[in-house]
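Reading through the structure tokens given below for one structure.
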Amino acid sequence: MDAHIKFETAPNKVARRITKMRPSAVRLLFAAAQRDDVISLAGGMPDVSLLPKSAVRKAAKAAVDAQAVTLQYGGTNGVFDTAAVFCDIVRDIGIRHKPENVIITTGAQEALDLVAKTFCDPGDIVITEGPTYLGALQAFSAYEPEIRTVPFDSQGMRMDLLEEELERIGKDNPRLKFLYTIPNFQNPGGVTMSPERRKRLLELSHEYDFVVVEDDPYGRLRYEGGHCLPMRALDDSVIYLGTISKMFAAGLRVGWIMAPPGVIAKINLAKQGTDLCGSVFDQVMAAAYFTQTPWQNTLQKFVKTYDKRRRAMLDALDEFFPPEATWTRPEGGFFVWATLPPYVDANSMLAEALDHGVIYAPGDSFFPDGVRGRNSMRLNFSYESPENIREAVRRLAEVIEDRLELYRAFIAAGAIKE
Ligand SMILES: Cc1ncc(COP(=O)(O)O)c(C=O)c1O
């Protein structure tokens with residue numbers, strides 16, 4: 001009997017955690033996004049065509065030239081010199097950190113998995129923004145915590161609602177482990193946590209004894225407004241996650257964890273069983289990119305290009321979206337979060353949108369229960385040209401308008417309540 005048939009006849013052998021996992025809607029849409037007649041606002045990809053070939057070649061050459069090191073196994077914490085480069089990079093956003101207290105990971109995605117692997121037993125409590133990054137929900141759910149969500153507004157996570165949640169959880173609750181937040185240009189919300197709320201969150205973390213996990217992939221992609229200090233710059237107990245994916249190359253799979261030494265030691269143990277070590281080649285190439293090429297100039301190119309695309313999206317939303325819809329106005333990052341009237345189901349509307357040549361990420365994917373957020377959608381503006389973004393929003397507005405007409409008719413007939 002081959003392995004496939006054996007599996008089909010024995011689904012009861014599968015671990016409980018796998019049966020609870022939901023596939024990423026964005027991954028499922030990947031095939032549709034490749035179609036020539038479809039404009040995709042569903043993904044979250046950086047536009048790596050903006051990287052100068054000469055810089056990429058130089059960084060790759062440095063990794064090839066060091067082949068005795070880069071094609072070999074490395075230490076679990078990663079290449080020390082690369083960790084030192086990352087410590088240099090974060091100094092200008094206010095973080096002072098020693099390279100010995102860094103673990104380099106296979107993208108920030110692995111960092112999310114390792115943090116949950118290190119902290120969570122089944123039934124432990126983790127708090128996130130609601131909605132939050134789908135990949136974080138996927139990573140955490142493998143360790144079976146109870147994920148509680150706190151809504152955000154234009155100033156980031158609502159601290160009044162967080163306090164209410166913490167009161168429900170109780171002060172000395174050993175099940176409460178960490179709070180995961182994306183304070184800059186949140187994925188999927190696009191909102192940024194205000195400095196006051198960052199301070200309040202840190203106070204609450206001490207009062208209620210939980211760890212703050214600060215995930216910051218988009219912090220350098222700010223298109224307007226002033227820089228906000230990361231919480232890690234204000235409090236050494238914060239676990240800070242970074243990545244080169246949005247500043248350089250998502251395909252290289254290099255991220256990092258900056259945390260207190262005791263936490264780093266435990267995460268190191270967790271990582272040994274996952275992959276022994278990350279790609280040394282990728283890490284050396286990343287260090288070369290940030291030390292031997294004018295990466296700040298390239299970053300400015302990313303910022304200018306994404307800003308144009310963001311403006312194209314916001315202008316198109318103003319022009320085409322119906323008055324019943326609302327949306328966030330991100331100052332940076334990759335995403336706008338749009339909310340439709342409660343009776344519009346953005347998930348079931350996706351098939352119609354695809355017929356109209358546009359796709360987006362339905363909002364329910366970003367909640368742990370897969371139910372809330374059904375009338376919302378995440379719209380990405382980092383990848384398509386301004387012209388395509390405008391056209392995509394126009395097509396999407398048509399689809400929404402069809403739905404609204406239907407619902408308006410139902411409401412007028414008294415079949416559903418407004
Ligand atoms: C908020 C957030 N965290 C982590 C990641 C994972 O990034 P990486 O490519 O470094 O694994 C992403 C990717 O889109 C993200 O949006």
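Ordered as shown in the structure tokens, chains take letters A, B, and onward, while each chain numbers its residues from 1 and ligands are numbered from 1 in the order shown.
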Determine, counting only C-alpha atoms, which protein, DNA and RNA residues have an atom within 8 Å of an atom of region 331-347 of chain A; residues of the same chain fewer than 6 positions away are not included. Present the result as a ChimeraX atom specification.
/A:44,184-192,218-219,221-225,306-307,310,324-325,362-364,374-382,403-404,407
Saved selection, atoms kept: C-alpha atoms, as a short mmCIF file (atom, residue, chain, number, x, y, z; two decimals), in the first residue's frame:
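In the end it all went to out-v2.cif:
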data_model
loop_
_atom_site.label_atom_id
_atom_site.label_comp_id
_atom_site.auth_asym_id
_atom_site.auth_seq_id
_atom_site.Cartn_x
_atom_site.Cartn_y
_atom_site.Cartn_z
CA GLY A 44 1.49 41.19 0.33
CA ASN A 184 3.62 50.04 12.56
CA PHE A 185 1.23 49.93 9.58
CA GLN A 186 -0.44 46.84 10.89
CA ASN A 187 -1.12 43.84 8.67
CA PRO A 188 -3.98 43.76 7.69
CA GLY A 189 -5.25 47.03 9.24
CA GLY A 190 -2.68 49.55 7.98
CA VAL A 191 -2.99 51.46 11.28
CA THR A 192 -0.11 52.58 13.55
CA TYR A 218 7.05 47.49 7.74
CA GLY A 219 8.49 50.13 10.13
CA LEU A 221 8.24 51.93 4.91
CA ARG A 222 6.74 55.19 6.19
CA TYR A 223 5.28 57.53 3.55
CA GLU A 224 3.99 60.33 5.78
CA GLY A 225 4.09 61.40 9.44
CA TYR A 306 4.92 52.41 -2.65
CA ASP A 307 3.77 55.89 -1.67
CA ARG A 310 -0.82 54.00 -1.80
CA GLU A 324 -21.54 52.92 2.98
CA ALA A 325 -17.92 51.69 2.96
CA PRO A 362 -11.33 38.49 2.62
CA GLY A 363 -11.41 39.86 6.16
CA ASP A 364 -12.46 36.68 7.98
CA ARG A 374 -16.72 38.81 7.00
CA ASN A 375 -17.77 42.26 5.81
CA SER A 376 -14.16 43.47 5.56
CA MET A 377 -11.29 43.04 3.14
CA ARG A 378 -7.56 43.67 3.01
CA LEU A 379 -6.39 45.56 -0.05
CA ASN A 380 -2.70 45.48 -0.96
CA PHE A 381 -1.09 48.41 -2.78
CA SER A 382 2.63 47.45 -2.84
CA ARG A 403 -24.29 43.49 -3.74
CA LEU A 404 -25.47 46.73 -2.17
CA TYR A 407 -29.34 44.30 -0.12
#
Sort by chain and increasing residue number a table of all residues of chain A within 6 Å of ligand 1, each with its closest pair of atoms and their distance in Å to one decimal, counting only C-alpha atoms and all ligand atoms, and write it as CSV.
residue,atom,partner,partner_atom_place_in_ligand_line,distance
A:Gly44,CA,ligand 1,14 (O),5.9
A:Gly107,CA,ligand 1,10 (O),3.4
A:Ala108,CA,ligand 1,10 (O),3.6
A:Gln109,CA,ligand 1,11 (O),3.7
A:Tyr133,CA,ligand 1,1 (C),5.3
A:Ile182,CA,ligand 1,1 (C),6.0
A:Asn187,CA,ligand 1,1 (C),5.3
A:Asp215,CA,ligand 1,3 (N),5.9
A:Pro217,CA,ligand 1,2 (C),5.9
A:Thr243,CA,ligand 1,10 (O),4.5
A:Ser245,CA,ligand 1,9 (O),4.8
A:Ala250,CA,ligand 1,9 (O),5.1
A:Gly255,CA,ligand 1,10 (O),5.2
What does the file look like for those residues with N, CA and C atoms, as a compact mmCIF listing (two decimals), in the first residue's frame?
# COMPACT_ATOMS: atom_id res chain seq x y z
N GLY A 44 0.76 40.20 -0.48
CA GLY A 44 1.49 41.19 0.33
C GLY A 44 2.94 41.21 -0.09
N GLY A 107 13.21 34.09 8.12
CA GLY A 107 12.13 35.07 8.01
C GLY A 107 11.51 35.31 9.38
N ALA A 108 10.76 36.40 9.49
CA ALA A 108 10.03 36.66 10.74
C ALA A 108 8.99 35.57 10.97
N GLN A 109 8.60 34.88 9.90
CA GLN A 109 7.59 33.82 10.04
C GLN A 109 8.10 32.73 10.99
N TYR A 133 -2.25 39.54 11.61
CA TYR A 133 -1.53 38.85 10.53
C TYR A 133 -1.88 37.37 10.52
N ILE A 182 1.58 44.32 15.88
CA ILE A 182 2.31 44.88 14.74
C ILE A 182 2.05 46.38 14.82
N ASN A 187 -0.60 44.78 9.66
CA ASN A 187 -1.12 43.84 8.67
C ASN A 187 -2.24 43.06 9.36
N ASP A 215 6.22 42.93 16.38
CA ASP A 215 6.58 42.46 15.03
C ASP A 215 6.62 43.68 14.11
N PRO A 217 7.82 44.38 10.53
CA PRO A 217 8.37 44.22 9.18
C PRO A 217 8.27 45.48 8.31
N THR A 243 12.84 41.76 10.01
CA THR A 243 13.01 40.94 8.79
C THR A 243 13.62 41.79 7.69
N SER A 245 12.72 41.06 4.66
CA SER A 245 11.81 40.77 3.53
C SER A 245 11.29 42.03 2.83
N ALA A 250 12.47 39.19 0.15
CA ALA A 250 11.63 38.20 0.85
C ALA A 250 12.06 36.78 0.51
N GLY A 255 15.17 36.73 8.94
CA GLY A 255 14.56 37.63 9.92
C GLY A 255 15.35 37.54 11.20
Report as an NGL selection string all protein, DNA and RNA residues lying within 10 Å of Leu354 (chain A), evaluated on only C-alpha atoms, omitting residues in the same chain fewer than 4 positions from it.
:A and (29 or 32-33 or 37-40 or 349-350 or 358-360 or 395-396 or 399)
Tell me which protein, DNA and RNA residues are within 8 Å of Ala62 (chain A), counting only C-alpha atoms, leaving out same-chain ones fewer than 2 positions away, and put them as a list in words.
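Here the qualifying residues turn out to be Lys58, Ala59, Ala60, Val64, Asp65, Ala66, Val284, Met285 and Ala288 of chain A.
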Go through region 288-390 of chain A and flag each residue having an atom no more than 9 Å from region 153-175 of chain A; for those, report the closest pair of atoms plus their distance in Å to one decimal, using only C-alpha atoms, ordered by chain and rising number, as a Markdown table.
| residue | atom | partner | partner_atom | distance |
| --- | --- | --- | --- | --- |
| A:Thr328 | CA | A:Ser154 | CA | 7.2 |
| A:Arg329 | CA | A:Ser154 | CA | 8.2 |
| A:Pro330 | CA | A:Ser154 | CA | 8.9 |
Residues of the last selection are to be written out with C-alpha atoms, as a JSON list (two decimals), in the first residue's frame.
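part.json written:
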[["chain", "number", "residue", "atom", "x", "y", "z"],
["A", 328, "THR", "CA", -8.16, 52.97, 6.92],
["A", 329, "ARG", "CA", -5.63, 55.56, 5.71],
["A", 330, "PRO", "CA", -2.21, 53.99, 6.28]]
Let's see if you can do this: from backbone DSSP, list all strand (DSSP E) residues in region 136-194 of chain A, as a list in words.
Glu146, Ile147, Arg148, Thr149, Val150, Phe152, Asp153, Gly156, Met157, Leu176, Lys177, Phe178, Leu179, Tyr180 and Thr181 of chain A
Between CA of Ile127 (chain A) and CA of Pro145 (chain A), what distance in Å does the model show, to one decimal?
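Between these atoms lies a distance of 9.8 Å.
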Excluding Ala270 (chain A) and its own-chain neighbours fewer than 2 positions away, which residues fall within 7 Å of it when counting only C-alpha atoms? Please give them as a PyMOL selection string.
chain A and resi 114+117-118+266-268+272-274
What residues in region 155-255 of chain A get the DSSP label alpha helix (DSSP H)? Please answer as a PyMOL selection string.
chain A and resi 159-169+195-207+231-234
Write a file of the just-selected residues containing N, CA and C atoms, as a PDB file, in the first residue's frame.
ATOM      1  N   MET A 159      -6.602  50.468  23.895  1.00  0.00           N
ATOM      2  CA  MET A 159      -6.118  50.128  25.230  1.00  0.00           C
ATOM      3  C   MET A 159      -7.256  49.959  26.240  1.00  0.00           C
ATOM      4  N   ASP A 160      -8.373  50.699  26.032  1.00  0.00           N
ATOM      5  CA  ASP A 160      -9.501  50.529  26.958  1.00  0.00           C
ATOM      6  C   ASP A 160     -10.064  49.111  26.838  1.00  0.00           C
ATOM      7  N   LEU A 161     -10.150  48.608  25.585  1.00  0.00           N
ATOM      8  CA  LEU A 161     -10.679  47.257  25.399  1.00  0.00           C
ATOM      9  C   LEU A 161      -9.668  46.201  25.834  1.00  0.00           C
ATOM     10  N   LEU A 162      -8.380  46.521  25.674  1.00  0.00           N
ATOM     11  CA  LEU A 162      -7.351  45.584  26.170  1.00  0.00           C
ATOM     12  C   LEU A 162      -7.469  45.461  27.691  1.00  0.00           C
ATOM     13  N   GLU A 163      -7.653  46.602  28.359  1.00  0.00           N
ATOM     14  CA  GLU A 163      -7.763  46.543  29.826  1.00  0.00           C
ATOM     15  C   GLU A 163      -8.963  45.706  30.257  1.00  0.00           C
ATOM     16  N   GLU A 164     -10.064  45.868  29.527  1.00  0.00           N
ATOM     17  CA  GLU A 164     -11.259  45.049  29.853  1.00  0.00           C
ATOM     18  C   GLU A 164     -10.940  43.560  29.693  1.00  0.00           C
ATOM     19  N   GLU A 165     -10.228  43.232  28.608  1.00  0.00           N
ATOM     20  CA  GLU A 165      -9.869  41.826  28.359  1.00  0.00           C
ATOM     21  C   GLU A 165      -8.939  41.324  29.464  1.00  0.00           C
ATOM     22  N   LEU A 166      -7.989  42.164  29.851  1.00  0.00           N
ATOM     23  CA  LEU A 166      -7.037  41.753  30.892  1.00  0.00           C
ATOM     24  C   LEU A 166      -7.754  41.566  32.236  1.00  0.00           C
ATOM     25  N   GLU A 167      -8.743  42.399  32.485  1.00  0.00           N
ATOM     26  CA  GLU A 167      -9.507  42.221  33.731  1.00  0.00           C
ATOM     27  C   GLU A 167     -10.232  40.881  33.729  1.00  0.00           C
ATOM     28  N   ARG A 168     -10.772  40.523  32.558  1.00  0.00           N
ATOM     29  CA  ARG A 168     -11.448  39.218  32.452  1.00  0.00           C
ATOM     30  C   ARG A 168     -10.438  38.080  32.683  1.00  0.00           C
ATOM     31  N   ILE A 169      -9.229  38.249  32.161  1.00  0.00           N
ATOM     32  CA  ILE A 169      -8.211  37.193  32.291  1.00  0.00           C
ATOM     33  C   ILE A 169      -7.697  37.117  33.730  1.00  0.00           C
ATOM     34  N   PRO A 195       2.237  56.712  20.140  1.00  0.00           N
ATOM     35  CA  PRO A 195       3.245  56.612  21.203  1.00  0.00           C
ATOM     36  C   PRO A 195       2.600  56.446  22.585  1.00  0.00           C
ATOM     37  N   GLU A 196       1.474  57.136  22.837  1.00  0.00           N
ATOM     38  CA  GLU A 196       0.818  57.028  24.151  1.00  0.00           C
ATOM     39  C   GLU A 196       0.354  55.592  24.394  1.00  0.00           C
ATOM     40  N   ARG A 197      -0.223  54.994  23.372  1.00  0.00           N
ATOM     41  CA  ARG A 197      -0.725  53.620  23.549  1.00  0.00           C
ATOM     42  C   ARG A 197       0.436  52.642  23.714  1.00  0.00           C
ATOM     43  N   ARG A 198       1.556  52.902  23.030  1.00  0.00           N
ATOM     44  CA  ARG A 198       2.721  52.016  23.207  1.00  0.00           C
ATOM     45  C   ARG A 198       3.152  52.034  24.676  1.00  0.00           C
ATOM     46  N   LYS A 199       3.200  53.251  25.237  1.00  0.00           N
ATOM     47  CA  LYS A 199       3.618  53.368  26.650  1.00  0.00           C
ATOM     48  C   LYS A 199       2.631  52.659  27.562  1.00  0.00           C
ATOM     49  N   ARG A 200       1.358  52.860  27.287  1.00  0.00           N
ATOM     50  CA  ARG A 200       0.320  52.233  28.125  1.00  0.00           C
ATOM     51  C   ARG A 200       0.403  50.706  28.029  1.00  0.00           C
ATOM     52  N   LEU A 201       0.643  50.210  26.834  1.00  0.00           N
ATOM     53  CA  LEU A 201       0.754  48.756  26.649  1.00  0.00           C
ATOM     54  C   LEU A 201       1.908  48.194  27.486  1.00  0.00           C
ATOM     55  N   LEU A 202       3.020  48.912  27.509  1.00  0.00           N
ATOM     56  CA  LEU A 202       4.167  48.442  28.301  1.00  0.00           C
ATOM     57  C   LEU A 202       3.816  48.437  29.791  1.00  0.00           C
ATOM     58  N   GLU A 203       3.116  49.490  30.245  1.00  0.00           N
ATOM     59  CA  GLU A 203       2.698  49.513  31.671  1.00  0.00           C
ATOM     60  C   GLU A 203       1.822  48.302  31.985  1.00  0.00           C
ATOM     61  N   LEU A 204       0.863  48.061  31.092  1.00  0.00           N
ATOM     62  CA  LEU A 204      -0.057  46.934  31.336  1.00  0.00           C
ATOM     63  C   LEU A 204       0.673  45.596  31.328  1.00  0.00           C
ATOM     64  N   SER A 205       1.731  45.492  30.494  1.00  0.00           N
ATOM     65  CA  SER A 205       2.473  44.215  30.413  1.00  0.00           C
ATOM     66  C   SER A 205       3.126  43.902  31.751  1.00  0.00           C
ATOM     67  N   HIS A 206       3.521  44.950  32.486  1.00  0.00           N
ATOM     68  CA  HIS A 206       4.127  44.714  33.804  1.00  0.00           C
ATOM     69  C   HIS A 206       3.047  44.470  34.854  1.00  0.00           C
ATOM     70  N   GLU A 207       1.961  45.247  34.714  1.00  0.00           N
ATOM     71  CA  GLU A 207       0.879  45.098  35.701  1.00  0.00           C
ATOM     72  C   GLU A 207       0.253  43.697  35.636  1.00  0.00           C
ATOM     73  N   MET A 231       8.636  49.796  20.790  1.00  0.00           N
ATOM     74  CA  MET A 231       8.531  49.523  22.231  1.00  0.00           C
ATOM     75  C   MET A 231       9.815  48.907  22.769  1.00  0.00           C
ATOM     76  N   ARG A 232      10.513  48.181  21.923  1.00  0.00           N
ATOM     77  CA  ARG A 232      11.789  47.574  22.339  1.00  0.00           C
ATOM     78  C   ARG A 232      12.799  48.673  22.754  1.00  0.00           C
ATOM     79  N   ALA A 233      12.670  49.877  22.159  1.00  0.00           N
ATOM     80  CA  ALA A 233      13.574  50.976  22.518  1.00  0.00           C
ATOM     81  C   ALA A 233      13.245  51.530  23.904  1.00  0.00           C
ATOM     82  N   LEU A 234      12.028  51.266  24.376  1.00  0.00           N
ATOM     83  CA  LEU A 234      11.584  51.818  25.664  1.00  0.00           C
ATOM     84  C   LEU A 234      11.673  50.795  26.786  1.00  0.00           C
TER      85      LEU A 234
END
